[in-house]
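Novice: The following block contains the structure, expressed as structure tokens.
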Amino acid sequence: MFPINLDLTRLSVALVGNGQATLNRLRQFDGDGAKYVTVYSEDPIPELVEQAGDRLQRYLPNSADVNAASIMFIIDIDLKKAAELASIAKAVGTIANVEDVKQYCDFSSPARIQRGDLMITVSTNGHSPRLAGRIRRALEKWLVPSWDKRLQELSKQREKWKADGADMQTLLRKTDEYIDQRRWLP
């Protein structure tokens, strides 16, 4: 696996599913500022209907719908239908994830901790999402909310150093010194 962070404000997302897990993922996308999400659901729970609003399509996506998406998440639908959709995605070049069915996944979604622009992800490569979640919860206790302010402070300082002509090696050294002086890390 190769870790990347996707900017869902720029990519089109097809979200396929009917239940609570689909609703949870949609809320996550909405919280992340995803702009181009289409929800496909044959039998959506009422809360999903409400959250999706006019983004809801009450059918499973066809090949044209899948082709129009950059990325597709398939959650809580019949495995046979999920496998068919994953096959269509592969044929048209859309990357897909069938939640908790590794054999049909082009990628996995890591557990994550976020404090502003600081994000730490934990992945087990799909082998144990529960373990990744437990590790995430342990890290959340250490990664207190003030890390967002620390990152902003460090970013401003880094921009000053760059404006003063610091090269990459100097930026690295000054960043380490700044962090060490403030005892932010053990």
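Ligands are numbered from 1 in the order shown, residues from 1 within each chain, and chains are lettered A, B, ... in the order they appear in the structure tokens.
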Excluding Asn125 of chain A and residues on its chain fewer than 4 positions from it, collect all residues at most 10 Å away from it, counting only C-alpha atoms, and give them as a PyMOL selection string.
Specialist: chain A and resi 1-2+102+107-110+129+132
Novice: For Ile75 of chain A, find every residue with an atom within 10 Å (counting only C-alpha atoms), except residues of its own chain fewer than 2 positions away, and show them as a PyMOL selection string.
Specialist: chain A and resi 15-23+25+72-73+77-79+82+97-101
Novice: List the spatial neighbours of Val37 of chain A as an NGL selection string - criterion: any atom at most 9 Å away, only C-alpha atoms, same-chain residues fewer than 5 positions off excluded.
Specialist: :A and (8 or 11-15 or 26 or 29-30 or 52 or 55 or 69)
Novice: Okay, now the selection with N, CA and C atoms, as a PDB file, in the first residue's frame?
Specialist:
```pdb
ATOM      1  N   LEU A   8     -10.673  15.955  -1.136  1.00  0.00           N
ATOM      2  CA  LEU A   8     -12.037  15.708  -1.593  1.00  0.00           C
ATOM      3  C   LEU A   8     -12.795  16.991  -1.914  1.00  0.00           C
ATOM      4  N   LEU A  11     -12.110  16.272  -5.889  1.00  0.00           N
ATOM      5  CA  LEU A  11     -12.413  14.997  -6.533  1.00  0.00           C
ATOM      6  C   LEU A  11     -13.888  14.647  -6.393  1.00  0.00           C
ATOM      7  N   SER A  12     -14.411  13.977  -7.402  1.00  0.00           N
ATOM      8  CA  SER A  12     -15.801  13.525  -7.329  1.00  0.00           C
ATOM      9  C   SER A  12     -15.853  12.170  -6.626  1.00  0.00           C
ATOM     10  N   VAL A  13     -16.806  12.041  -5.718  1.00  0.00           N
ATOM     11  CA  VAL A  13     -16.930  10.846  -4.889  1.00  0.00           C
ATOM     12  C   VAL A  13     -18.296  10.209  -5.109  1.00  0.00           C
ATOM     13  N   ALA A  14     -18.302   8.907  -5.349  1.00  0.00           N
ATOM     14  CA  ALA A  14     -19.533   8.129  -5.367  1.00  0.00           C
ATOM     15  C   ALA A  14     -19.578   7.343  -4.065  1.00  0.00           C
ATOM     16  N   LEU A  15     -20.621   7.554  -3.288  1.00  0.00           N
ATOM     17  CA  LEU A  15     -20.813   6.847  -2.029  1.00  0.00           C
ATOM     18  C   LEU A  15     -22.026   5.939  -2.197  1.00  0.00           C
ATOM     19  N   LEU A  26     -20.695   9.596   5.013  1.00  0.00           N
ATOM     20  CA  LEU A  26     -21.153  10.851   4.405  1.00  0.00           C
ATOM     21  C   LEU A  26     -20.908  12.013   5.366  1.00  0.00           C
ATOM     22  N   PHE A  29     -17.295  12.867   5.158  1.00  0.00           N
ATOM     23  CA  PHE A  29     -17.000  13.631   3.939  1.00  0.00           C
ATOM     24  C   PHE A  29     -17.467  15.076   4.089  1.00  0.00           C
ATOM     25  N   ASP A  30     -18.672  15.263   4.588  1.00  0.00           N
ATOM     26  CA  ASP A  30     -19.203  16.614   4.758  1.00  0.00           C
ATOM     27  C   ASP A  30     -18.345  17.416   5.727  1.00  0.00           C
ATOM     28  N   ALA A  52     -28.066  13.417   2.918  1.00  0.00           N
ATOM     29  CA  ALA A  52     -27.677  13.483   1.509  1.00  0.00           C
ATOM     30  C   ALA A  52     -28.421  14.583   0.757  1.00  0.00           C
ATOM     31  N   ARG A  55     -28.253  15.272  -3.141  1.00  0.00           N
ATOM     32  CA  ARG A  55     -27.138  14.455  -3.651  1.00  0.00           C
ATOM     33  C   ARG A  55     -27.520  12.979  -3.760  1.00  0.00           C
ATOM     34  N   ALA A  69     -17.027   9.258 -11.442  1.00  0.00           N
ATOM     35  CA  ALA A  69     -16.445   9.452 -10.109  1.00  0.00           C
ATOM     36  C   ALA A  69     -14.942   9.205 -10.141  1.00  0.00           C
TER      37      ALA A  69
END
```
Novice: At a cut-off of 7 Å, using only C-alpha atoms, what residues contact Ala111 of chain A? Leave out same-chain residues fewer than 6 positions from it and give the result as a ChimeraX atom specification.
Specialist: /A:121-123,132-133,136
Novice: For Gln157 of chain A, find every residue with an atom within 10 Å (counting only C-alpha atoms), except residues of its own chain fewer than 3 positions away, and show them as a JSON list (two decimals) with N, CA, C and O atoms, in the first residue's frame.
Specialist:
```json
[["chain", "number", "residue", "atom", "x", "y", "z"],
["A", 151, "LEU", "N", 1.21, 23.81, 15.27],
["A", 151, "LEU", "CA", 1.49, 23.72, 13.84],
["A", 151, "LEU", "C", 1.39, 25.09, 13.17],
["A", 151, "LEU", "O", 2.25, 25.46, 12.36],
["A", 152, "GLN", "N", 0.38, 25.87, 13.52],
["A", 152, "GLN", "CA", 0.24, 27.21, 12.95],
["A", 152, "GLN", "C", 1.45, 28.08, 13.32],
["A", 152, "GLN", "O", 1.98, 28.80, 12.46],
["A", 153, "GLU", "N", 1.86, 28.01, 14.56],
["A", 153, "GLU", "CA", 3.01, 28.77, 15.03],
["A", 153, "GLU", "C", 4.27, 28.37, 14.26],
["A", 153, "GLU", "O", 5.03, 29.22, 13.78],
["A", 154, "LEU", "N", 4.49, 27.07, 14.14],
["A", 154, "LEU", "CA", 5.67, 26.57, 13.44],
["A", 154, "LEU", "C", 5.62, 26.94, 11.95],
["A", 154, "LEU", "O", 6.64, 27.30, 11.36],
["A", 160, "LYS", "N", 8.89, 32.64, 7.80],
["A", 160, "LYS", "CA", 9.87, 33.71, 8.08],
["A", 160, "LYS", "C", 11.28, 33.25, 7.71],
["A", 160, "LYS", "O", 12.05, 34.00, 7.10],
["A", 161, "TRP", "N", 11.63, 32.03, 8.10],
["A", 161, "TRP", "CA", 12.96, 31.52, 7.79],
["A", 161, "TRP", "C", 13.16, 31.43, 6.27],
["A", 161, "TRP", "O", 14.23, 31.77, 5.77],
["A", 162, "LYS", "N", 12.12, 30.99, 5.56],
["A", 162, "LYS", "CA", 12.22, 30.90, 4.11],
["A", 162, "LYS", "C", 12.39, 32.30, 3.50],
["A", 162, "LYS", "O", 13.19, 32.49, 2.58],
["A", 163, "ALA", "N", 11.64, 33.26, 4.01],
["A", 163, "ALA", "CA", 11.74, 34.64, 3.50],
["A", 163, "ALA", "C", 13.13, 35.22, 3.75],
["A", 163, "ALA", "O", 13.61, 36.05, 2.97],
["A", 171, "LEU", "N", 16.23, 24.92, 7.08],
["A", 171, "LEU", "CA", 14.84, 24.79, 7.54],
["A", 171, "LEU", "C", 14.66, 23.57, 8.43],
["A", 171, "LEU", "O", 14.00, 23.65, 9.48],
["A", 174, "LYS", "N", 16.49, 24.32, 11.84],
["A", 174, "LYS", "CA", 15.76, 25.31, 12.63],
["A", 174, "LYS", "C", 14.42, 24.74, 13.14],
["A", 174, "LYS", "O", 14.02, 25.04, 14.26],
["A", 175, "THR", "N", 13.76, 23.94, 12.32],
["A", 175, "THR", "CA", 12.51, 23.31, 12.76],
["A", 175, "THR", "C", 12.76, 22.40, 13.95],
["A", 175, "THR", "O", 12.04, 22.45, 14.95],
["A", 178, "TYR", "N", 13.46, 24.46, 17.04],
["A", 178, "TYR", "CA", 12.23, 25.12, 17.51],
["A", 178, "TYR", "C", 11.37, 24.14, 18.31],
["A", 178, "TYR", "O", 10.88, 24.45, 19.40]]
```
Novice: Which of segment 45-180 of chain A end up as strand (DSSP E) when DSSP is run on this backbone - answer as a list in words?
Specialist: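 Going through segment 45-180 of chain A, the strand (DSSP E) residues come out as Leu56, Gln57, Ile71, Met72, Phe73, Ile74, Ile95, Ala96, Asn97, Val98, Ala111, Arg112, Ile113, Gln114, Arg115, Leu118, Met119, Ile120, Thr121 and Val122 of chain A.
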Novice: Would you mind exporting the chosen residues as a compact mmCIF listing (two decimals), in the first residue's frame, restricted to all heavy atoms?
Specialist:
```txt
# COMPACT_ATOMS: atom_id res chain seq x y z
N LEU A 56 -28.70 12.62 -3.26
CA LEU A 56 -29.14 11.23 -3.22
C LEU A 56 -29.73 10.78 -4.55
O LEU A 56 -30.61 11.44 -5.10
CB LEU A 56 -30.19 11.05 -2.11
CG LEU A 56 -30.78 9.64 -1.97
CD1 LEU A 56 -29.71 8.63 -1.58
CD2 LEU A 56 -31.91 9.65 -0.95
N GLN A 57 -29.25 9.65 -5.02
CA GLN A 57 -29.81 8.94 -6.17
C GLN A 57 -30.33 7.62 -5.64
O GLN A 57 -29.58 6.86 -5.05
CB GLN A 57 -28.75 8.70 -7.25
CG GLN A 57 -28.09 9.95 -7.77
CD GLN A 57 -29.07 10.90 -8.43
OE1 GLN A 57 -29.92 10.47 -9.20
NE2 GLN A 57 -28.96 12.18 -8.14
N ILE A 71 -13.41 8.49 -7.25
CA ILE A 71 -13.24 7.51 -6.19
C ILE A 71 -14.62 7.03 -5.73
O ILE A 71 -15.57 7.80 -5.73
CB ILE A 71 -12.44 8.14 -5.02
CG1 ILE A 71 -12.11 7.13 -3.94
CG2 ILE A 71 -13.14 9.35 -4.45
CD1 ILE A 71 -11.10 7.67 -2.92
N MET A 72 -14.71 5.73 -5.40
CA MET A 72 -16.00 5.19 -4.98
C MET A 72 -15.83 4.40 -3.69
O MET A 72 -14.92 3.59 -3.56
CB MET A 72 -16.58 4.28 -6.07
CG MET A 72 -17.94 3.72 -5.71
SD MET A 72 -18.83 2.93 -7.10
CE MET A 72 -17.68 1.69 -7.63
N PHE A 73 -16.74 4.68 -2.76
CA PHE A 73 -16.82 3.95 -1.50
C PHE A 73 -18.11 3.14 -1.51
O PHE A 73 -19.19 3.70 -1.74
CB PHE A 73 -16.87 4.92 -0.32
CG PHE A 73 -15.58 5.66 -0.08
CD1 PHE A 73 -15.25 6.77 -0.84
CD2 PHE A 73 -14.70 5.25 0.91
CE1 PHE A 73 -14.08 7.46 -0.63
CE2 PHE A 73 -13.52 5.93 1.13
CZ PHE A 73 -13.20 7.04 0.36
N ILE A 74 -17.99 1.84 -1.28
CA ILE A 74 -19.14 0.94 -1.28
C ILE A 74 -19.28 0.37 0.13
O ILE A 74 -18.36 -0.26 0.64
CB ILE A 74 -18.96 -0.19 -2.31
CG1 ILE A 74 -18.67 0.40 -3.70
CG2 ILE A 74 -20.17 -1.10 -2.32
CD1 ILE A 74 -18.13 -0.59 -4.70
N ILE A 95 -11.02 4.34 -8.76
CA ILE A 95 -10.55 3.56 -7.62
C ILE A 95 -11.70 3.35 -6.65
O ILE A 95 -12.54 4.23 -6.46
CB ILE A 95 -9.32 4.18 -6.92
CG1 ILE A 95 -9.60 5.57 -6.37
CG2 ILE A 95 -8.12 4.21 -7.86
CD1 ILE A 95 -8.47 6.14 -5.52
N ALA A 96 -11.75 2.14 -6.07
CA ALA A 96 -12.90 1.78 -5.24
C ALA A 96 -12.47 1.09 -3.96
O ALA A 96 -11.42 0.46 -3.89
CB ALA A 96 -13.84 0.86 -6.03
N ASN A 97 -13.35 1.21 -2.97
CA ASN A 97 -13.19 0.55 -1.69
C ASN A 97 -14.52 -0.08 -1.32
O ASN A 97 -15.53 0.62 -1.24
CB ASN A 97 -12.75 1.54 -0.62
CG ASN A 97 -12.68 0.91 0.76
OD1 ASN A 97 -13.70 0.66 1.39
ND2 ASN A 97 -11.47 0.69 1.23
N VAL A 98 -14.51 -1.39 -1.13
CA VAL A 98 -15.68 -2.09 -0.60
C VAL A 98 -15.35 -2.32 0.87
O VAL A 98 -14.46 -3.11 1.19
CB VAL A 98 -15.94 -3.42 -1.33
CG1 VAL A 98 -17.13 -4.14 -0.69
CG2 VAL A 98 -16.19 -3.18 -2.81
N ALA A 111 -7.49 4.83 9.97
CA ALA A 111 -8.01 5.56 11.12
C ALA A 111 -7.19 6.84 11.21
O ALA A 111 -6.01 6.85 10.87
CB ALA A 111 -7.83 4.72 12.38
N ARG A 112 -7.81 7.92 11.64
CA ARG A 112 -7.06 9.18 11.65
C ARG A 112 -7.37 10.01 12.89
O ARG A 112 -8.43 9.94 13.47
CB ARG A 112 -7.34 9.99 10.40
CG ARG A 112 -8.74 10.52 10.34
CD ARG A 112 -8.96 11.31 9.09
NE ARG A 112 -10.29 11.88 9.12
CZ ARG A 112 -10.74 12.73 8.26
NH1 ARG A 112 -9.97 13.13 7.28
NH2 ARG A 112 -11.95 13.19 8.37
N ILE A 113 -6.38 10.82 13.21
CA ILE A 113 -6.48 11.81 14.28
C ILE A 113 -6.17 13.14 13.60
O ILE A 113 -5.19 13.24 12.86
CB ILE A 113 -5.44 11.58 15.39
CG1 ILE A 113 -5.53 10.15 15.94
CG2 ILE A 113 -5.61 12.59 16.50
CD1 ILE A 113 -4.43 9.29 15.43
N GLN A 114 -6.99 14.14 13.84
CA GLN A 114 -6.76 15.42 13.19
C GLN A 114 -6.90 16.55 14.18
O GLN A 114 -7.84 16.61 14.97
CB GLN A 114 -7.74 15.61 12.03
CG GLN A 114 -7.35 16.74 11.13
CD GLN A 114 -7.95 16.61 9.74
OE1 GLN A 114 -8.62 15.64 9.41
NE2 GLN A 114 -7.69 17.60 8.92
N ARG A 115 -5.93 17.42 14.14
CA ARG A 115 -5.92 18.67 14.91
C ARG A 115 -5.62 19.79 13.93
O ARG A 115 -4.47 20.06 13.62
CB ARG A 115 -4.86 18.64 16.03
CG ARG A 115 -4.99 17.49 17.02
CD ARG A 115 -6.27 17.61 17.84
NE ARG A 115 -6.36 16.61 18.88
CZ ARG A 115 -7.10 15.51 18.81
NH1 ARG A 115 -7.82 15.28 17.72
NH2 ARG A 115 -7.13 14.65 19.80
N LEU A 118 -2.92 19.30 11.10
CA LEU A 118 -2.09 18.18 11.51
C LEU A 118 -2.93 16.91 11.51
O LEU A 118 -3.95 16.82 12.19
CB LEU A 118 -1.51 18.41 12.90
CG LEU A 118 -0.66 17.27 13.48
CD1 LEU A 118 0.56 17.01 12.60
CD2 LEU A 118 -0.23 17.61 14.89
N MET A 119 -2.50 15.92 10.71
CA MET A 119 -3.24 14.67 10.62
C MET A 119 -2.26 13.51 10.77
O MET A 119 -1.22 13.48 10.12
CB MET A 119 -3.96 14.55 9.28
CG MET A 119 -4.78 13.28 9.16
SD MET A 119 -5.48 12.93 7.53
CE MET A 119 -5.98 14.50 6.92
N ILE A 120 -2.63 12.57 11.62
CA ILE A 120 -1.87 11.34 11.77
C ILE A 120 -2.83 10.20 11.43
O ILE A 120 -3.96 10.16 11.92
CB ILE A 120 -1.34 11.18 13.21
CG1 ILE A 120 -0.35 12.30 13.53
CG2 ILE A 120 -0.68 9.81 13.40
CD1 ILE A 120 0.12 12.32 14.96
N THR A 121 -2.37 9.29 10.59
CA THR A 121 -3.21 8.17 10.21
C THR A 121 -2.58 6.86 10.67
O THR A 121 -1.37 6.76 10.81
CB THR A 121 -3.44 8.12 8.68
OG1 THR A 121 -2.18 7.98 8.03
CG2 THR A 121 -4.15 9.36 8.20
N VAL A 122 -3.44 5.88 10.91
CA VAL A 122 -3.01 4.56 11.34
C VAL A 122 -3.68 3.55 10.42
O VAL A 122 -4.89 3.58 10.24
CB VAL A 122 -3.44 4.28 12.80
CG1 VAL A 122 -2.99 2.89 13.24
CG2 VAL A 122 -2.91 5.35 13.74
```
Novice: With distances taken over only C-alpha atoms, which of A:Leu85, A:Leu48, A:Leu185, A:Leu139 is nearest to Pro61 of chain A?
Specialist: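 Among the listed residues, the smallest separation from Pro61 of chain A belongs to A:Leu85.
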